[in-house]
$ cat query_4.cif   # mmCIF, N, CA and C atoms and all ligand atoms
data_work
#
loop_
_atom_site.label_atom_id
_atom_site.label_comp_id
_atom_site.auth_asym_id
_atom_site.auth_seq_id
_atom_site.Cartn_x
_atom_site.Cartn_y
_atom_site.Cartn_z
N MET A 26 87.45 -8.01 -56.46
CA MET A 26 88.53 -8.00 -55.47
C MET A 26 88.26 -9.05 -54.38
N ALA A 27 87.04 -8.99 -53.82
CA ALA A 27 86.70 -9.95 -52.77
C ALA A 27 86.75 -11.37 -53.30
N ALA A 28 86.30 -11.56 -54.55
CA ALA A 28 86.31 -12.90 -55.13
C ALA A 28 87.75 -13.41 -55.25
N ARG A 29 88.66 -12.52 -55.59
CA ARG A 29 90.05 -12.94 -55.73
C ARG A 29 90.62 -13.34 -54.36
N ILE A 30 90.30 -12.57 -53.34
CA ILE A 30 90.79 -12.90 -51.99
C ILE A 30 90.23 -14.25 -51.55
N ILE A 31 88.97 -14.50 -51.82
CA ILE A 31 88.36 -15.78 -51.47
C ILE A 31 89.04 -16.91 -52.23
N ALA A 32 89.31 -16.67 -53.53
CA ALA A 32 89.97 -17.71 -54.33
C ALA A 32 91.35 -18.02 -53.78
N ILE A 33 92.09 -16.98 -53.39
CA ILE A 33 93.43 -17.20 -52.84
C ILE A 33 93.32 -17.94 -51.50
N ALA A 34 92.36 -17.55 -50.69
CA ALA A 34 92.18 -18.21 -49.39
C ALA A 34 91.87 -19.69 -49.58
N LEU A 35 91.02 -19.99 -50.55
CA LEU A 35 90.68 -21.40 -50.82
C LEU A 35 91.90 -22.17 -51.27
N LEU A 36 92.72 -21.54 -52.13
CA LEU A 36 93.93 -22.20 -52.62
C LEU A 36 94.87 -22.49 -51.46
N VAL A 37 95.05 -21.50 -50.57
CA VAL A 37 95.94 -21.68 -49.42
C VAL A 37 95.42 -22.81 -48.53
N MET A 38 94.09 -22.84 -48.32
CA MET A 38 93.52 -23.91 -47.48
C MET A 38 93.74 -25.27 -48.11
N THR A 39 93.54 -25.36 -49.42
CA THR A 39 93.73 -26.63 -50.12
C THR A 39 95.17 -27.10 -49.98
N LEU A 40 96.12 -26.16 -50.15
CA LEU A 40 97.53 -26.52 -50.01
C LEU A 40 97.83 -26.98 -48.60
N ALA A 41 97.25 -26.28 -47.62
CA ALA A 41 97.51 -26.65 -46.22
C ALA A 41 97.00 -28.06 -45.93
N ILE A 42 95.83 -28.38 -46.46
CA ILE A 42 95.27 -29.72 -46.25
C ILE A 42 96.15 -30.76 -46.93
N ALA A 43 96.61 -30.45 -48.16
CA ALA A 43 97.47 -31.40 -48.87
C ALA A 43 98.76 -31.63 -48.10
N LEU A 44 99.33 -30.56 -47.55
CA LEU A 44 100.58 -30.71 -46.78
C LEU A 44 100.34 -31.54 -45.53
N ALA A 45 99.21 -31.33 -44.86
CA ALA A 45 98.91 -32.09 -43.65
C ALA A 45 98.79 -33.57 -43.98
N LEU A 46 98.15 -33.88 -45.11
CA LEU A 46 98.00 -35.29 -45.50
C LEU A 46 99.34 -35.91 -45.85
N MET A 47 100.24 -35.10 -46.42
CA MET A 47 101.54 -35.63 -46.80
C MET A 47 102.36 -36.07 -45.61
N ALA A 48 102.04 -35.57 -44.43
CA ALA A 48 102.82 -35.94 -43.25
C ALA A 48 102.53 -37.37 -42.82
N ILE A 49 101.50 -37.99 -43.37
CA ILE A 49 101.21 -39.38 -43.04
C ILE A 49 101.49 -40.23 -44.26
N VAL A 50 102.33 -41.20 -44.08
CA VAL A 50 102.78 -42.02 -45.19
C VAL A 50 102.28 -43.43 -44.96
N PHE A 51 101.67 -44.00 -45.96
CA PHE A 51 101.35 -45.42 -45.83
C PHE A 51 102.37 -46.20 -46.61
N VAL A 52 103.01 -47.14 -45.94
CA VAL A 52 104.05 -47.89 -46.62
C VAL A 52 103.56 -49.30 -46.87
N GLY A 53 103.84 -49.79 -48.01
CA GLY A 53 103.58 -51.17 -48.36
C GLY A 53 104.89 -51.83 -48.70
N PRO A 54 104.86 -53.13 -48.95
CA PRO A 54 106.09 -53.80 -49.37
C PRO A 54 106.68 -53.08 -50.57
N ARG A 55 107.97 -52.89 -50.52
CA ARG A 55 108.56 -52.09 -51.59
C ARG A 55 108.73 -52.91 -52.85
N GLU A 56 108.75 -52.21 -53.95
CA GLU A 56 108.90 -52.86 -55.24
C GLU A 56 110.06 -52.22 -55.96
N GLY A 57 110.72 -53.01 -56.78
CA GLY A 57 111.73 -52.47 -57.67
C GLY A 57 112.96 -51.96 -56.94
N ALA A 58 113.63 -51.06 -57.60
CA ALA A 58 114.92 -50.59 -57.10
C ALA A 58 114.73 -49.59 -55.97
N GLY A 59 115.79 -49.36 -55.27
CA GLY A 59 115.76 -48.39 -54.18
C GLY A 59 116.79 -48.79 -53.17
N PRO A 60 117.09 -47.92 -52.24
CA PRO A 60 118.08 -48.27 -51.24
C PRO A 60 117.56 -49.37 -50.33
N ALA A 61 118.12 -50.53 -50.46
CA ALA A 61 117.69 -51.65 -49.62
C ALA A 61 118.47 -51.63 -48.31
N LEU A 62 117.94 -52.31 -47.35
CA LEU A 62 118.67 -52.47 -46.10
C LEU A 62 119.93 -53.29 -46.36
N ARG A 63 121.01 -52.88 -45.77
CA ARG A 63 122.22 -53.69 -45.87
C ARG A 63 121.98 -54.98 -45.09
N PRO A 64 122.72 -56.05 -45.47
CA PRO A 64 122.51 -57.33 -44.76
C PRO A 64 122.62 -57.18 -43.25
N ASP A 65 123.57 -56.36 -42.79
CA ASP A 65 123.75 -56.22 -41.33
C ASP A 65 122.66 -55.35 -40.71
N GLU A 66 121.79 -54.79 -41.53
CA GLU A 66 120.71 -53.97 -41.00
C GLU A 66 119.40 -54.73 -40.90
N GLN A 67 119.38 -55.96 -41.37
CA GLN A 67 118.12 -56.68 -41.39
C GLN A 67 117.89 -57.42 -40.08
N PRO A 68 116.66 -57.43 -39.61
CA PRO A 68 116.39 -58.22 -38.41
C PRO A 68 116.56 -59.70 -38.72
N THR A 69 116.94 -60.46 -37.71
CA THR A 69 117.12 -61.88 -37.95
C THR A 69 115.78 -62.58 -37.83
N GLY A 70 115.63 -63.69 -38.52
CA GLY A 70 114.38 -64.45 -38.42
C GLY A 70 113.65 -64.51 -39.74
N GLY A 71 114.36 -64.79 -40.81
CA GLY A 71 113.70 -64.96 -42.09
C GLY A 71 113.84 -63.73 -42.96
N THR A 72 113.30 -63.85 -44.14
CA THR A 72 113.39 -62.75 -45.10
C THR A 72 112.45 -61.64 -44.68
N PRO A 73 112.96 -60.46 -44.47
CA PRO A 73 112.08 -59.38 -44.03
C PRO A 73 111.24 -58.82 -45.17
N ILE A 74 110.09 -58.32 -44.82
CA ILE A 74 109.34 -57.47 -45.73
C ILE A 74 109.82 -56.06 -45.46
N GLU A 75 110.27 -55.39 -46.50
CA GLU A 75 110.85 -54.06 -46.32
C GLU A 75 109.89 -52.99 -46.81
N HIS A 76 109.83 -51.95 -46.04
CA HIS A 76 109.02 -50.79 -46.39
C HIS A 76 109.95 -49.59 -46.46
N MET A 77 109.71 -48.72 -47.41
CA MET A 77 110.52 -47.51 -47.52
C MET A 77 109.61 -46.30 -47.46
N PHE A 78 110.12 -45.25 -46.88
CA PHE A 78 109.35 -44.01 -46.83
C PHE A 78 110.32 -42.84 -46.76
N SER A 79 109.81 -41.67 -47.03
CA SER A 79 110.65 -40.49 -46.96
C SER A 79 109.78 -39.28 -46.65
N GLY A 80 110.41 -38.26 -46.20
CA GLY A 80 109.68 -37.03 -45.88
C GLY A 80 110.62 -36.01 -45.28
N ASN A 81 110.05 -34.89 -44.94
CA ASN A 81 110.84 -33.83 -44.32
C ASN A 81 110.45 -33.70 -42.86
N LEU A 82 111.46 -33.57 -42.03
CA LEU A 82 111.24 -33.35 -40.60
C LEU A 82 112.00 -32.09 -40.23
N GLY A 83 111.28 -31.00 -40.05
CA GLY A 83 111.97 -29.74 -39.79
C GLY A 83 112.90 -29.44 -40.94
N GLN A 84 114.14 -29.17 -40.63
CA GLN A 84 115.11 -28.81 -41.68
C GLN A 84 115.75 -30.05 -42.29
N TRP A 85 115.40 -31.26 -41.82
CA TRP A 85 116.06 -32.45 -42.30
C TRP A 85 115.20 -33.22 -43.31
N ARG A 86 115.87 -33.87 -44.21
CA ARG A 86 115.24 -34.83 -45.11
C ARG A 86 115.42 -36.21 -44.49
N LEU A 87 114.36 -36.97 -44.45
CA LEU A 87 114.43 -38.31 -43.85
C LEU A 87 114.14 -39.36 -44.92
N GLU A 88 115.03 -40.34 -45.03
CA GLU A 88 114.79 -41.54 -45.83
C GLU A 88 114.75 -42.69 -44.83
N GLY A 89 113.64 -43.40 -44.80
CA GLY A 89 113.49 -44.44 -43.79
C GLY A 89 113.25 -45.79 -44.41
N GLU A 90 113.69 -46.82 -43.70
CA GLU A 90 113.45 -48.19 -44.12
C GLU A 90 112.99 -48.98 -42.90
N LEU A 91 111.88 -49.66 -43.07
CA LEU A 91 111.33 -50.48 -42.00
C LEU A 91 111.30 -51.91 -42.51
N ALA A 92 111.93 -52.81 -41.79
CA ALA A 92 111.95 -54.22 -42.17
C ALA A 92 111.29 -55.03 -41.07
N ILE A 93 110.35 -55.89 -41.45
CA ILE A 93 109.62 -56.71 -40.48
C ILE A 93 109.72 -58.17 -40.92
N VAL A 94 110.09 -59.04 -39.99
CA VAL A 94 110.12 -60.46 -40.31
C VAL A 94 108.88 -61.13 -39.71
N SER A 95 108.69 -62.42 -40.05
CA SER A 95 107.44 -63.08 -39.70
C SER A 95 107.23 -63.24 -38.20
N THR A 96 108.31 -63.17 -37.43
CA THR A 96 108.16 -63.23 -35.97
C THR A 96 107.60 -61.93 -35.40
N GLY A 97 107.61 -60.88 -36.21
CA GLY A 97 107.20 -59.57 -35.74
C GLY A 97 108.38 -58.69 -35.38
N ALA A 98 109.59 -59.27 -35.37
CA ALA A 98 110.77 -58.44 -35.10
C ALA A 98 110.91 -57.42 -36.22
N TYR A 99 111.15 -56.19 -35.83
CA TYR A 99 111.31 -55.16 -36.85
C TYR A 99 112.59 -54.38 -36.62
N GLN A 100 113.01 -53.76 -37.68
CA GLN A 100 114.14 -52.86 -37.60
C GLN A 100 113.83 -51.62 -38.41
N LEU A 101 114.03 -50.49 -37.79
CA LEU A 101 113.76 -49.21 -38.42
C LEU A 101 115.09 -48.49 -38.58
N VAL A 102 115.42 -48.16 -39.80
CA VAL A 102 116.65 -47.41 -40.07
C VAL A 102 116.25 -46.05 -40.62
N LEU A 103 116.76 -45.01 -39.99
CA LEU A 103 116.40 -43.63 -40.35
C LEU A 103 117.66 -42.91 -40.80
N ARG A 104 117.62 -42.42 -42.02
CA ARG A 104 118.78 -41.70 -42.56
C ARG A 104 118.39 -40.24 -42.77
N PHE A 105 119.08 -39.37 -42.09
CA PHE A 105 118.79 -37.94 -42.19
C PHE A 105 119.86 -37.25 -43.00
N SER A 106 119.43 -36.28 -43.80
CA SER A 106 120.38 -35.45 -44.51
C SER A 106 119.96 -33.99 -44.41
N ASN A 107 120.92 -33.12 -44.62
CA ASN A 107 120.64 -31.69 -44.52
C ASN A 107 120.25 -31.12 -45.89
N GLU A 108 120.10 -29.80 -45.94
CA GLU A 108 119.66 -29.18 -47.20
C GLU A 108 120.65 -29.43 -48.32
N ALA A 109 121.91 -29.65 -47.97
CA ALA A 109 122.93 -29.89 -48.99
C ALA A 109 122.96 -31.36 -49.42
N GLY A 110 122.07 -32.18 -48.81
CA GLY A 110 122.03 -33.59 -49.17
C GLY A 110 123.08 -34.42 -48.47
N GLN A 111 123.78 -33.83 -47.51
CA GLN A 111 124.82 -34.57 -46.78
C GLN A 111 124.21 -35.26 -45.57
N PRO A 112 124.69 -36.45 -45.24
CA PRO A 112 124.21 -37.09 -44.02
C PRO A 112 124.41 -36.16 -42.84
N ALA A 113 123.39 -36.04 -42.00
CA ALA A 113 123.47 -35.09 -40.90
C ALA A 113 122.74 -35.65 -39.70
N SER A 114 123.43 -35.72 -38.58
CA SER A 114 122.78 -36.13 -37.35
C SER A 114 121.85 -35.03 -36.90
N THR A 115 120.79 -35.44 -36.24
CA THR A 115 119.82 -34.46 -35.76
C THR A 115 120.22 -34.08 -34.34
N SER A 116 119.27 -33.96 -33.48
CA SER A 116 119.59 -33.65 -32.10
C SER A 116 119.07 -34.80 -31.25
N ASN A 117 119.14 -34.65 -29.94
CA ASN A 117 118.64 -35.69 -29.06
C ASN A 117 117.12 -35.73 -29.04
N ALA A 118 116.47 -34.81 -29.73
CA ALA A 118 115.01 -34.74 -29.68
C ALA A 118 114.33 -35.78 -30.56
N LEU A 119 115.11 -36.63 -31.25
CA LEU A 119 114.52 -37.65 -32.12
C LEU A 119 113.83 -38.72 -31.28
N SER A 120 112.61 -39.06 -31.65
CA SER A 120 111.88 -40.08 -30.90
C SER A 120 111.09 -40.96 -31.84
N VAL A 121 110.85 -42.20 -31.42
CA VAL A 121 110.01 -43.12 -32.18
C VAL A 121 108.95 -43.68 -31.24
N GLN A 122 107.70 -43.62 -31.67
CA GLN A 122 106.60 -44.23 -30.91
C GLN A 122 105.93 -45.26 -31.81
N VAL A 123 105.61 -46.40 -31.24
CA VAL A 123 105.01 -47.48 -32.02
C VAL A 123 103.72 -47.91 -31.35
N ASP A 124 102.63 -47.88 -32.11
CA ASP A 124 101.38 -48.42 -31.57
C ASP A 124 100.52 -48.95 -32.72
N MET A 125 99.36 -49.47 -32.38
CA MET A 125 98.47 -50.00 -33.40
C MET A 125 97.35 -49.01 -33.66
N VAL A 126 96.93 -48.96 -34.91
CA VAL A 126 95.98 -47.92 -35.31
C VAL A 126 94.63 -48.12 -34.62
N ASP A 127 94.13 -49.34 -34.58
CA ASP A 127 92.76 -49.55 -34.13
C ASP A 127 92.68 -50.13 -32.72
N HIS A 128 93.80 -50.19 -32.01
CA HIS A 128 93.79 -50.74 -30.66
C HIS A 128 94.21 -49.63 -29.71
N SER A 129 93.54 -49.56 -28.59
CA SER A 129 94.02 -48.59 -27.61
C SER A 129 95.12 -49.26 -26.81
N MET A 130 96.30 -48.78 -26.96
CA MET A 130 97.44 -49.37 -26.27
C MET A 130 98.44 -48.26 -26.01
N GLU A 131 99.23 -48.46 -24.97
CA GLU A 131 100.30 -47.52 -24.70
C GLU A 131 101.31 -47.57 -25.84
N PRO A 132 101.67 -46.44 -26.41
CA PRO A 132 102.71 -46.49 -27.44
C PRO A 132 104.02 -47.03 -26.87
N LYS A 133 104.67 -47.86 -27.65
CA LYS A 133 105.99 -48.35 -27.24
C LYS A 133 107.03 -47.34 -27.71
N LEU A 134 108.10 -47.25 -26.94
CA LEU A 134 109.14 -46.27 -27.22
C LEU A 134 110.47 -46.99 -27.40
N PRO A 135 110.73 -47.51 -28.59
CA PRO A 135 111.99 -48.22 -28.76
C PRO A 135 113.18 -47.27 -28.64
N GLN A 136 114.29 -47.82 -28.16
CA GLN A 136 115.53 -47.06 -28.11
C GLN A 136 115.94 -46.70 -29.53
N VAL A 137 116.38 -45.49 -29.72
CA VAL A 137 116.88 -45.06 -31.03
C VAL A 137 118.38 -44.85 -30.89
N GLU A 138 119.14 -45.66 -31.61
CA GLU A 138 120.60 -45.61 -31.49
C GLU A 138 121.20 -44.89 -32.69
N LEU A 139 122.18 -44.05 -32.43
CA LEU A 139 122.93 -43.43 -33.52
C LEU A 139 123.98 -44.43 -34.01
N GLU A 140 123.89 -44.80 -35.28
CA GLU A 140 124.79 -45.80 -35.83
C GLU A 140 126.04 -45.17 -36.42
N GLU A 141 125.82 -44.10 -37.15
CA GLU A 141 126.89 -43.35 -37.79
C GLU A 141 126.29 -41.99 -38.08
N PRO A 142 127.09 -41.01 -38.48
CA PRO A 142 126.49 -39.68 -38.66
C PRO A 142 125.26 -39.72 -39.55
N GLY A 143 124.16 -39.25 -39.02
CA GLY A 143 122.92 -39.16 -39.79
C GLY A 143 122.11 -40.43 -39.85
N VAL A 144 122.61 -41.54 -39.31
CA VAL A 144 121.90 -42.81 -39.43
C VAL A 144 121.52 -43.34 -38.04
N TYR A 145 120.24 -43.57 -37.84
CA TYR A 145 119.72 -44.04 -36.57
C TYR A 145 119.02 -45.36 -36.78
N ARG A 146 119.00 -46.17 -35.74
CA ARG A 146 118.37 -47.48 -35.84
C ARG A 146 117.54 -47.74 -34.58
N ALA A 147 116.37 -48.31 -34.79
CA ALA A 147 115.53 -48.73 -33.66
C ALA A 147 115.03 -50.13 -33.96
N THR A 148 114.96 -50.97 -32.94
CA THR A 148 114.47 -52.33 -33.13
C THR A 148 113.42 -52.65 -32.08
N GLY A 149 112.61 -53.64 -32.38
CA GLY A 149 111.59 -54.07 -31.44
C GLY A 149 110.79 -55.20 -32.03
N THR A 150 109.68 -55.51 -31.41
CA THR A 150 108.84 -56.62 -31.87
C THR A 150 107.38 -56.19 -31.89
N LEU A 151 106.69 -56.52 -32.98
CA LEU A 151 105.26 -56.32 -33.08
C LEU A 151 104.60 -57.60 -32.59
N GLU A 152 103.79 -57.50 -31.54
CA GLU A 152 103.26 -58.73 -30.92
C GLU A 152 102.08 -59.31 -31.67
N MET A 153 101.42 -58.52 -32.46
CA MET A 153 100.24 -59.09 -33.12
C MET A 153 100.10 -58.53 -34.53
N GLU A 154 99.34 -59.29 -35.32
CA GLU A 154 99.11 -58.86 -36.68
C GLU A 154 98.15 -57.68 -36.69
N GLY A 155 98.28 -56.86 -37.69
CA GLY A 155 97.39 -55.72 -37.84
C GLY A 155 98.13 -54.52 -38.36
N ARG A 156 97.47 -53.40 -38.27
CA ARG A 156 98.05 -52.16 -38.80
C ARG A 156 98.77 -51.42 -37.69
N TRP A 157 100.05 -51.25 -37.89
CA TRP A 157 100.89 -50.58 -36.90
C TRP A 157 101.26 -49.19 -37.40
N ARG A 158 101.49 -48.33 -36.43
CA ARG A 158 101.85 -46.95 -36.74
C ARG A 158 103.17 -46.63 -36.04
N PHE A 159 104.10 -46.13 -36.84
CA PHE A 159 105.39 -45.68 -36.32
C PHE A 159 105.38 -44.16 -36.42
N ARG A 160 105.52 -43.51 -35.28
CA ARG A 160 105.54 -42.06 -35.29
C ARG A 160 106.96 -41.61 -35.01
N ILE A 161 107.55 -40.95 -36.00
CA ILE A 161 108.93 -40.49 -35.88
C ILE A 161 108.88 -39.00 -35.63
N GLY A 162 109.32 -38.59 -34.47
CA GLY A 162 109.21 -37.19 -34.09
C GLY A 162 110.57 -36.55 -33.91
N LEU A 163 110.64 -35.33 -34.34
CA LEU A 163 111.88 -34.57 -34.18
C LEU A 163 111.48 -33.15 -33.85
N GLU A 164 111.85 -32.72 -32.65
CA GLU A 164 111.41 -31.42 -32.17
C GLU A 164 109.89 -31.34 -32.34
N ASP A 165 109.36 -30.36 -33.03
CA ASP A 165 107.89 -30.31 -33.12
C ASP A 165 107.37 -30.83 -34.44
N ALA A 166 108.19 -31.53 -35.21
CA ALA A 166 107.74 -32.13 -36.47
C ALA A 166 107.64 -33.64 -36.29
N ALA A 167 106.77 -34.28 -37.08
CA ALA A 167 106.63 -35.73 -36.96
C ALA A 167 106.18 -36.30 -38.30
N ILE A 168 106.54 -37.55 -38.51
CA ILE A 168 106.06 -38.30 -39.67
C ILE A 168 105.41 -39.56 -39.13
N GLY A 169 104.20 -39.85 -39.61
CA GLY A 169 103.54 -41.09 -39.24
C GLY A 169 103.68 -42.09 -40.38
N VAL A 170 104.12 -43.29 -40.02
CA VAL A 170 104.29 -44.34 -41.02
C VAL A 170 103.37 -45.50 -40.62
N LEU A 171 102.51 -45.92 -41.53
CA LEU A 171 101.61 -47.03 -41.26
C LEU A 171 102.13 -48.26 -42.00
N ALA A 172 102.12 -49.39 -41.33
CA ALA A 172 102.56 -50.63 -41.97
C ALA A 172 101.68 -51.78 -41.48
N ASP A 173 101.21 -52.58 -42.41
CA ASP A 173 100.44 -53.77 -42.04
C ASP A 173 101.39 -54.90 -41.75
N PHE A 174 101.15 -55.59 -40.66
CA PHE A 174 101.98 -56.76 -40.33
C PHE A 174 101.13 -58.02 -40.41
N ARG A 175 101.54 -58.93 -41.29
CA ARG A 175 100.92 -60.25 -41.39
C ARG A 175 102.02 -61.29 -41.30
N ARG A 176 101.78 -62.33 -40.57
CA ARG A 176 102.81 -63.35 -40.41
C ARG A 176 102.95 -64.17 -41.68
CU CU B 1 96.97 -54.86 -30.97
#
$ encode --input "query_4.cif" --output "structure tokens" --more "lines below"
Ligand SMILES: [Cu+2]
Amino acid sequence: MAARIIAIALLVMTLAIALALMAIVFVGPREGAGPALRPDEQPTGGTPIEHMFSGNLGQWRLEGELAIVSTGAYQLVLRFSNEAGQPASTSNALSVQVDMVDHSMEPKLPQVELEEPGVYRATGTLEMEGRWRFRIGLEDAAIGVLADFRR
């Protein structure tokens, strides 16, 4: 009996650790098919490198696209949908923080604009090459997205 309880406890802990790791997404340049940024969604200044990510934030499903051009200008498009798969706006609690993984710096807080129901956009500039972290927070849930920027 005790062995079974220990086994169940270990399984629950393993699942909890796996779920915690899933909240951090490392994005690389995307390959193959997938929802690309529309032309009007791309930052200006050359062909962007696009990153895609997805995850759950509270009750919402998030599909995200991050495009970075060689100047460091980036554009983050966040598409939220509800349990029924319909585009759904969140609340005003949506936030984006941008900082570098290995540098101590104040996180930048780009404006997040509602473009259309369920679709938000944030833009800004990465000043230096390296590994950047985008933290997308909604109420008490968050997704961390890591992206390497090279000119
Ligand atoms: Cu830096």
$ residues_near_point --input "query_4.cif" --point "(108.5, -43.7, -46.4)" --cutoff "5 Å" --atoms "all atoms listed in the file" --output "number ranges by chain"
A: 77-79
$ residues_near_ligand --input "query_4.cif" --ligand "ligand CU 1 (chain B)" --cutoff "7 Å" --atoms "all atoms listed in the file" --output "NGL selection string"
:A and (125 or 127-129 or 152-155)
$ select_by_dssp --input "query_4.cif" --residues "range 125-168 of chain A" --states "strand (DSSP E)" --output "ChimeraX atom specification"
/A:125,138-141,144-150,155-163,166-168
$ write_last_selection --input "query_4.cif" --atoms "N, CA and C atoms" --output "tab-separated table (two decimals), in the frame of the given file"
chain	number	residue	atom	x	y	z
A	125	MET	N	99.36	-49.47	-32.38
A	125	MET	CA	98.47	-50.00	-33.40
A	125	MET	C	97.35	-49.01	-33.66
A	138	GLU	N	119.14	-45.66	-31.61
A	138	GLU	CA	120.60	-45.61	-31.49
A	138	GLU	C	121.20	-44.89	-32.69
A	139	LEU	N	122.18	-44.05	-32.43
A	139	LEU	CA	122.93	-43.43	-33.52
A	139	LEU	C	123.98	-44.43	-34.01
A	140	GLU	N	123.89	-44.80	-35.28
A	140	GLU	CA	124.79	-45.80	-35.83
A	140	GLU	C	126.04	-45.17	-36.42
A	141	GLU	N	125.82	-44.10	-37.15
A	141	GLU	CA	126.89	-43.35	-37.79
A	141	GLU	C	126.29	-41.99	-38.08
A	144	VAL	N	122.61	-41.54	-39.31
A	144	VAL	CA	121.90	-42.81	-39.43
A	144	VAL	C	121.52	-43.34	-38.04
A	145	TYR	N	120.24	-43.57	-37.84
A	145	TYR	CA	119.72	-44.04	-36.57
A	145	TYR	C	119.02	-45.36	-36.78
A	146	ARG	N	119.00	-46.17	-35.74
A	146	ARG	CA	118.37	-47.48	-35.84
A	146	ARG	C	117.54	-47.74	-34.58
A	147	ALA	N	116.37	-48.31	-34.79
A	147	ALA	CA	115.53	-48.73	-33.66
A	147	ALA	C	115.03	-50.13	-33.96
A	148	THR	N	114.96	-50.97	-32.94
A	148	THR	CA	114.47	-52.33	-33.13
A	148	THR	C	113.42	-52.65	-32.08
A	149	GLY	N	112.61	-53.64	-32.38
A	149	GLY	CA	111.59	-54.07	-31.44
A	149	GLY	C	110.79	-55.20	-32.03
A	150	THR	N	109.68	-55.51	-31.41
A	150	THR	CA	108.84	-56.62	-31.87
A	150	THR	C	107.38	-56.19	-31.89
A	155	GLY	N	98.28	-56.86	-37.69
A	155	GLY	CA	97.39	-55.72	-37.84
A	155	GLY	C	98.13	-54.52	-38.36
A	156	ARG	N	97.47	-53.40	-38.27
A	156	ARG	CA	98.05	-52.16	-38.80
A	156	ARG	C	98.77	-51.42	-37.69
A	157	TRP	N	100.05	-51.25	-37.89
A	157	TRP	CA	100.89	-50.58	-36.90
A	157	TRP	C	101.26	-49.19	-37.40
A	158	ARG	N	101.49	-48.33	-36.43
A	158	ARG	CA	101.85	-46.95	-36.74
A	158	ARG	C	103.17	-46.63	-36.04
A	159	PHE	N	104.10	-46.13	-36.84
A	159	PHE	CA	105.39	-45.68	-36.32
A	159	PHE	C	105.38	-44.16	-36.42
A	160	ARG	N	105.52	-43.51	-35.28
A	160	ARG	CA	105.54	-42.06	-35.29
A	160	ARG	C	106.96	-41.61	-35.01
A	161	ILE	N	107.55	-40.95	-36.00
A	161	ILE	CA	108.93	-40.49	-35.88
A	161	ILE	C	108.88	-39.00	-35.63
A	162	GLY	N	109.32	-38.59	-34.47
A	162	GLY	CA	109.21	-37.19	-34.09
A	162	GLY	C	110.57	-36.55	-33.91
A	163	LEU	N	110.64	-35.33	-34.34
A	163	LEU	CA	111.88	-34.57	-34.18
A	163	LEU	C	111.48	-33.15	-33.85
A	166	ALA	N	108.19	-31.53	-35.21
A	166	ALA	CA	107.74	-32.13	-36.47
A	166	ALA	C	107.64	-33.64	-36.29
A	167	ALA	N	106.77	-34.28	-37.08
A	167	ALA	CA	106.63	-35.73	-36.96
A	167	ALA	C	106.18	-36.30	-38.30
A	168	ILE	N	106.54	-37.55	-38.51
A	168	ILE	CA	106.06	-38.30	-39.67
A	168	ILE	C	105.41	-39.56	-39.13
$ atom_distance --input "query_4.cif" --atom1 "CA of Ser114 in chain A" --atom2 "atom C of Leu163 in chain A"
12.2 Å
$ closest_residue --input "query_4.cif" --among "A:Gly83, A:Gly110, A:Gly143, A:Pro73" --to "Ala167 in chain A" --atoms "all atoms listed in the file"
A:Gly83
